[in-house]
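Everything on this sheet refers to the single structure shown next.
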Amino acid sequence: MPENNPQEKLAFTYPARGALRLVLSGDWQIASITPSLDEAIAELKTHPEVTEIAFESSQIGDWDTGLAAFLLKLARECERRKIRLSPEGLPQGAQKLLTLAQAVQEKEAPAPKVQEPFLTRVGDTAVKVWNEIKSLLDFLGELLVSFTRLLKGKAYIRKKDFKAIIQACGAEAFPLVSLISVLLGLILAFVGAMQLRMFGAQIFVADIVGIAMVRVMGAIMTGIIMTGRTGASFAAELGIMQTNEEIDALRTLGIPPVDFLILPRVLALVLMMPLLTLYSNLMGILGGYIIGVGMLELNPVEYFNRTQEAIGINNLWVGMVHSVVFGVIIAVSGCFRGIQCGRSAAAVGEATTSAVVTGITSIVVATAIITYICQLLGV
Amino acid sequence: MENKPVIEARDLTIGYGEEIVMRGLNFRVQKGDIFIIMGGSGCGKSTLLKSIIGLLEPLAGKVLYGEKSFWEAEAPEQLKIMRRFGVLYQGGALWSSLTLAENIALPLEMYTQLRPKQVQDVVELKLALVGLSGYEDFYPAEISGGMRKRAGLARAMALDPDILFFDEPSAGLDPLSAKLLDDLILQLSDTLGTTVVMVTHELASIFAVGNNAIFLDREAKTMTAEGPPKQLLKDSRDERVIEFLTRGEKPARRA
């Protein structure tokens, strides 16, 4: 009895000219090794006169859909080659399964997907990008109109929701911001100390850490943390609401989703980002302090005074401008991707990923632009 | 003299982008009707509903509410029309961050001058009408699918609309819950005189509640039958309509 050798499970006989009989034996199960269709095709190629295929299955052992899958492929190959397939010699169940697999078809089979020519794809991508830009501008316009309604006291924002969002994107982000910022301060101080020690200028570690954190690094790190944490969460929340038709329900009740869902999120993040950035600055400086005092044995008071002198109000303002801009970027990219989301689980995943990618990329680009403007203004 | 329809579709073509889903749709929904939009899965029933309730602009044609063409109206006028109807979505579409009471209270807070205590009274009434008294403080995730639909219905009725739209109300419900929902729809239509437009392919619901219907044919890409469902079953000569209404049994040849 053939057990594992697939070639022994399938044999070919010719009871008459043009008639091929497939002799099946052994187990034909998904879990066992079954013959591939290639063997049958090779046989057909060597015998082009075959016009009919029949089966002999008296020696067949256990079988399941592994056999049915082979038969379906064979049936399609026969159809292509205009060979008649007589399933009578197959086990009753296998005959029924084959009939079922061939019968249950959509009335209109979808057109096969063909790859478009290169130029068409370039054109499609360009149109897609243009549509994305238009959608973003529409979204920003709606947000602006909604903000104007808020100033006039006409926008509908639920205080309870607003507080919950503030809590989620403010206080609940403290532990992560603390950890990352302290570590960033430690790293900045450590890298700076390695160089400065060579000149005996360790005290300038306080300058490096203070200025870097307050001017830009605190805001950037907070921005990146908040993009991954809050921007992604905004996109996922709104995406799921889109999938569950909750946003449609708002629209049909005449409640603008931008007022109800997006404006509170944008406002909450724009309010929280400067506070989180200030906190991040403090934690970063603390990290630098740990290295300065603990490893470089600097005087704690001297380190503190040096930091205070170095930071300056200008740097602080530059940092705050960064944080507000990043707040808008993170909230807008999260909400925009969420509201654009399709109606499937995969689409929610895509929206979340896209929100994070858009957020981080935009933060880097915005930093470059703000730095350039500061350079021009001499700040 | 013929009654003026509450809703009328005139030469409506619906679809997405350049893809036409249905074309040449013409029908009228009269006041007090329980009007069924029926057809097989994927035929465009929900797309049609979206075009009627203002979520998807049709590619051509008009949706008239009384004399007013919804898609030609200015935004404030559209908003006024939307205030006249409530929608029950397939999954209920309750706002997941709000309790059932807050879900129902939201439109009341938006559009009425009711004081908080009065809003609470209305919310209690609406929940009682759908058999959910005592569930005010539950969140949508804490109740069953059937209860979510009923709560969605309570929200759809919050502003006492003239017209209620239902998108596959029986989908995902066990037969008993589906029947309870059908009974509720009949009672509401009967007692409040609400016009109901329902998208469904559930035969039991179609025959139980519908007094007028259209059949959307996926292959013909248009509506191929209009009339009371029971009469369509009796008189229709369209094979696909009969097949649909008899769950795929071959229609007997009619003279």
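Note on naming: chains are A, B, ... as they come in the structure tokens, residues start from 1 per chain, ligands start from 1 in the order shown.
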Please give the complete set of residues from stretch 92-307 of chain A that DSSP, run on the backbone, assigns to alpha helix (DSSP H), formatted as a PyMOL selection string.
-> chain A and resi 92-103+118-151+159-169+174-199+205-212+218-226+232-243+246-252+257+263-294+300-307
What does the file look like for those residues with C-alpha atoms, as a compact mmCIF listing (two decimals), in the first residue's frame?
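And here is the file that came out, result25.txt:
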# COMPACT_ATOMS: atom_id res chain seq x y z
CA GLN A 92 -19.40 9.29 -4.19
CA GLY A 93 -18.37 12.05 -1.74
CA ALA A 94 -15.53 13.23 -3.97
CA GLN A 95 -17.92 13.43 -6.94
CA LYS A 96 -20.31 15.60 -4.91
CA LEU A 97 -17.49 17.82 -3.65
CA LEU A 98 -16.22 18.34 -7.20
CA THR A 99 -19.72 19.21 -8.42
CA LEU A 100 -20.13 21.67 -5.56
CA ALA A 101 -16.77 23.35 -6.19
CA GLN A 102 -17.62 23.77 -9.85
CA ALA A 103 -21.19 24.91 -9.28
CA PHE A 118 3.97 52.36 -16.29
CA LEU A 119 2.68 55.72 -17.50
CA THR A 120 -0.87 54.90 -16.39
CA ARG A 121 0.43 54.03 -12.93
CA VAL A 122 2.40 57.29 -12.76
CA GLY A 123 -0.73 59.18 -13.81
CA ASP A 124 -2.90 57.33 -11.28
CA THR A 125 -0.41 58.08 -8.50
CA ALA A 126 -0.30 61.76 -9.46
CA VAL A 127 -4.11 61.96 -9.42
CA LYS A 128 -4.16 60.15 -6.07
CA VAL A 129 -1.62 62.57 -4.57
CA TRP A 130 -3.53 65.54 -5.95
CA ASN A 131 -6.77 64.19 -4.47
CA GLU A 132 -5.01 63.67 -1.11
CA ILE A 133 -3.85 67.29 -1.14
CA LYS A 134 -7.36 68.48 -1.98
CA SER A 135 -8.82 66.33 0.82
CA LEU A 136 -6.27 67.69 3.29
CA LEU A 137 -7.07 71.27 2.27
CA ASP A 138 -10.81 70.52 2.60
CA PHE A 139 -10.16 69.07 6.03
CA LEU A 140 -8.09 72.07 7.15
CA GLY A 141 -10.76 74.42 5.80
CA GLU A 142 -13.48 72.56 7.73
CA LEU A 143 -11.31 72.69 10.85
CA LEU A 144 -10.85 76.43 10.46
CA VAL A 145 -14.59 76.97 9.98
CA SER A 146 -15.25 74.81 13.03
CA PHE A 147 -12.73 76.85 15.06
CA THR A 148 -14.49 80.03 13.97
CA ARG A 149 -17.79 78.50 15.13
CA LEU A 150 -16.14 77.75 18.45
CA LEU A 151 -15.02 81.36 18.84
CA LYS A 159 -16.96 69.23 28.12
CA LYS A 160 -16.84 65.66 29.39
CA ASP A 161 -15.24 64.42 26.16
CA PHE A 162 -12.81 67.32 26.09
CA LYS A 163 -11.67 66.61 29.64
CA ALA A 164 -11.24 62.91 28.85
CA ILE A 165 -9.10 63.76 25.80
CA ILE A 166 -7.01 66.23 27.86
CA GLN A 167 -6.50 63.51 30.45
CA ALA A 168 -5.54 60.93 27.82
CA CYS A 169 -3.11 63.08 25.87
CA PHE A 174 3.71 61.84 31.71
CA PRO A 175 5.39 58.51 32.56
CA LEU A 176 6.54 57.88 28.98
CA VAL A 177 7.67 61.48 28.46
CA SER A 178 9.57 61.32 31.78
CA LEU A 179 11.43 58.15 30.88
CA ILE A 180 12.38 59.14 27.35
CA SER A 181 13.36 62.70 28.30
CA VAL A 182 15.56 61.69 31.25
CA LEU A 183 17.30 59.16 29.04
CA LEU A 184 17.72 61.73 26.28
CA GLY A 185 19.27 64.16 28.79
CA LEU A 186 21.59 61.41 29.99
CA ILE A 187 22.68 60.60 26.44
CA LEU A 188 23.25 64.24 25.47
CA ALA A 189 25.28 64.85 28.61
CA PHE A 190 27.27 61.68 28.20
CA VAL A 191 28.16 62.33 24.56
CA GLY A 192 29.01 65.98 25.36
CA ALA A 193 31.09 65.01 28.39
CA MET A 194 33.28 62.63 26.39
CA GLN A 195 34.43 65.52 24.18
CA LEU A 196 34.45 68.33 26.73
CA ARG A 197 36.50 66.36 29.26
CA MET A 198 39.42 66.42 26.82
CA PHE A 199 39.51 70.21 27.16
CA VAL A 205 27.70 69.94 29.57
CA ALA A 206 25.05 72.01 31.35
CA ASP A 207 24.94 74.39 28.35
CA ILE A 208 24.71 71.59 25.80
CA VAL A 209 21.93 69.73 27.59
CA GLY A 210 20.02 72.87 28.59
CA ILE A 211 20.05 74.56 25.20
CA ALA A 212 19.46 71.38 23.20
CA GLY A 218 12.43 68.48 24.21
CA ALA A 219 9.77 69.48 21.69
CA ILE A 220 10.93 66.95 19.08
CA MET A 221 11.08 64.05 21.52
CA THR A 222 7.68 64.94 22.97
CA GLY A 223 6.35 65.30 19.43
CA ILE A 224 7.62 61.88 18.41
CA ILE A 225 6.28 60.26 21.58
CA MET A 226 2.91 61.91 21.13
CA ALA A 232 -2.00 56.85 16.37
CA SER A 233 -4.76 56.60 18.95
CA PHE A 234 -6.73 59.44 17.30
CA ALA A 235 -6.45 57.71 13.92
CA ALA A 236 -7.51 54.34 15.33
CA GLU A 237 -10.44 55.76 17.31
CA LEU A 238 -11.80 57.75 14.38
CA GLY A 239 -11.09 54.88 11.98
CA ILE A 240 -13.12 52.47 14.08
CA MET A 241 -15.89 55.04 14.39
CA GLN A 242 -15.88 55.28 10.60
CA THR A 243 -16.06 51.48 10.32
CA GLU A 246 -20.69 56.30 14.03
CA ILE A 247 -19.45 59.20 11.90
CA ASP A 248 -22.29 58.65 9.40
CA ALA A 249 -24.69 58.76 12.34
CA LEU A 250 -23.30 62.16 13.35
CA ARG A 251 -23.63 63.47 9.79
CA THR A 252 -27.23 62.36 9.38
CA PRO A 257 -18.01 65.46 12.94
CA LEU A 263 -11.81 70.11 17.18
CA PRO A 264 -11.65 68.85 20.79
CA ARG A 265 -8.75 66.56 19.91
CA VAL A 266 -6.81 69.30 18.13
CA LEU A 267 -7.43 71.80 20.93
CA ALA A 268 -6.52 69.32 23.64
CA LEU A 269 -3.24 68.41 21.98
CA VAL A 270 -2.34 72.02 21.16
CA LEU A 271 -2.91 72.87 24.83
CA MET A 272 -1.06 69.85 26.19
CA MET A 273 1.98 69.84 23.90
CA PRO A 274 3.62 73.00 25.36
CA LEU A 275 3.05 71.70 28.90
CA LEU A 276 4.45 68.28 28.06
CA THR A 277 7.39 69.94 26.30
CA LEU A 278 8.17 72.05 29.36
CA TYR A 279 8.00 68.93 31.46
CA SER A 280 10.21 67.06 28.98
CA ASN A 281 12.75 69.91 29.10
CA LEU A 282 12.86 69.65 32.87
CA MET A 283 13.31 65.89 32.77
CA GLY A 284 16.04 66.16 30.11
CA ILE A 285 17.91 68.70 32.21
CA LEU A 286 17.54 66.36 35.16
CA GLY A 287 19.13 63.59 33.09
CA GLY A 288 22.04 65.91 32.23
CA TYR A 289 22.33 66.86 35.88
CA ILE A 290 22.64 63.19 36.88
CA ILE A 291 25.60 62.73 34.52
CA GLY A 292 27.14 66.14 35.32
CA VAL A 293 27.01 65.76 39.06
CA GLY A 294 27.21 61.97 39.35
CA PRO A 300 25.36 70.85 41.79
CA VAL A 301 24.81 74.58 42.38
CA GLU A 302 27.27 75.49 39.67
CA TYR A 303 25.54 73.10 37.25
CA PHE A 304 22.17 74.63 38.06
CA ASN A 305 23.45 78.22 37.63
CA ARG A 306 25.19 77.33 34.39
CA THR A 307 21.99 75.78 33.01
Under the rule of at most 6 Å, produce a per-residue listing of chain A near chain B: chain, number, name, the closest pair of atoms, and the distance in Å, as JSON lines, using only C-alpha atoms.
{"residue": "A:Asn244", "atom": "CA", "partner": "B:Ala93", "partner_atom": "CA", "distance": 5.6}
{"residue": "A:Glu245", "atom": "CA", "partner": "B:Ala93", "partner_atom": "CA", "distance": 5.2}
{"residue": "A:Glu246", "atom": "CA", "partner": "B:Ala93", "partner_atom": "CA", "distance": 4.7}
{"residue": "A:Gly254", "atom": "CA", "partner": "B:Leu79", "partner_atom": "CA", "distance": 5.8}
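Using only C-alpha atoms, the smallest distance between any of A:Leu296, A:Ile373, A:Val258, A:Val214 and A:Gly319 comes from A:Val214.
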Would you list, as a ChimeraX atom specification, the residues of stretch 13-222 of chain B that end up in strand (DSSP E or B) under DSSP run on this structure's backbone?
-> /B:13-16,19-29,34-39,60-65,68-69,85-88,163-167,195-199,212-217,222
Closest to A:Thr46 among A:Ala69, A:Ile311, A:Ile203, A:Leu20, using only C-alpha atoms?
-> A:Leu20
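Each of B:Ile34, B:Asn26, B:Lys117, B:Phe165 was compared to B:Gln187 using only C-alpha atoms, and B:Ile34 turns out to be the nearest.
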For stretch 197-213 of chain B, work out the shell of residues within 9 Å, counting only C-alpha atoms and skipping chain neighbours fewer than 5 positions away, then give it as a PyMOL selection string.
-> chain B and resi 29+33-41+45-46+49+163-171+178-179+182-183+185-186+225-230+232+244-247
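Distance-wise, atom CA of B:Val130 and atom CA of B:Gly32 end up 19.7 Å apart.
Residues with any atom within 7 Å of B:Val21, counting only C-alpha atoms and excluding same-chain neighbours fewer than 3 positions away, are Ile14, Gly15, Gly44 and Lys221 of chain B.
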note - atom CA of B:Ile214 and atom CA of B:Asp238 are separated by 12.6 Å
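Of the residues under consideration (A:Val379, A:Ile262, A:Leu22, A:Val318), A:Leu22 shows the shortest atom-to-atom contact distance to A:Glu8 when counting only C-alpha atoms.
The coordinates place atom CA of B:Leu192 at 19.4 Å from atom CA of B:Gly66.
Taking only C-alpha atoms into account, B:Glu102 lies nearest to B:Glu136 out of the set B:Glu19, B:Glu136, B:Asp121, B:Asp235.
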Do you know which residues are at most 10 Å from B:Gly145 counting only C-alpha atoms, after dropping those on the same chain fewer than 3 positions away, and could you put them as a ChimeraX atom specification?
-> /B:91-92,140-142,148-151,171-174,177
Shell of 6 Å around A:Leu24, only C-alpha atoms, local chain residues under 2 positions omitted, as an MDAnalysis selection string | chainID A and resid 9:10 57 60
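In this comparison, which uses only C-alpha atoms, the residue of A:Gln59, A:Ala355, A:Leu261, A:Ala366 approaching A:Val325 most closely is A:Ala366.
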Residue contacts of A:Pro35 (12 Å, only C-alpha atoms) excluding same-chain residues fewer than 4 positions away, as a ChimeraX atom specification | /A:2-11,22-30,39-41,66-67,69-71,74
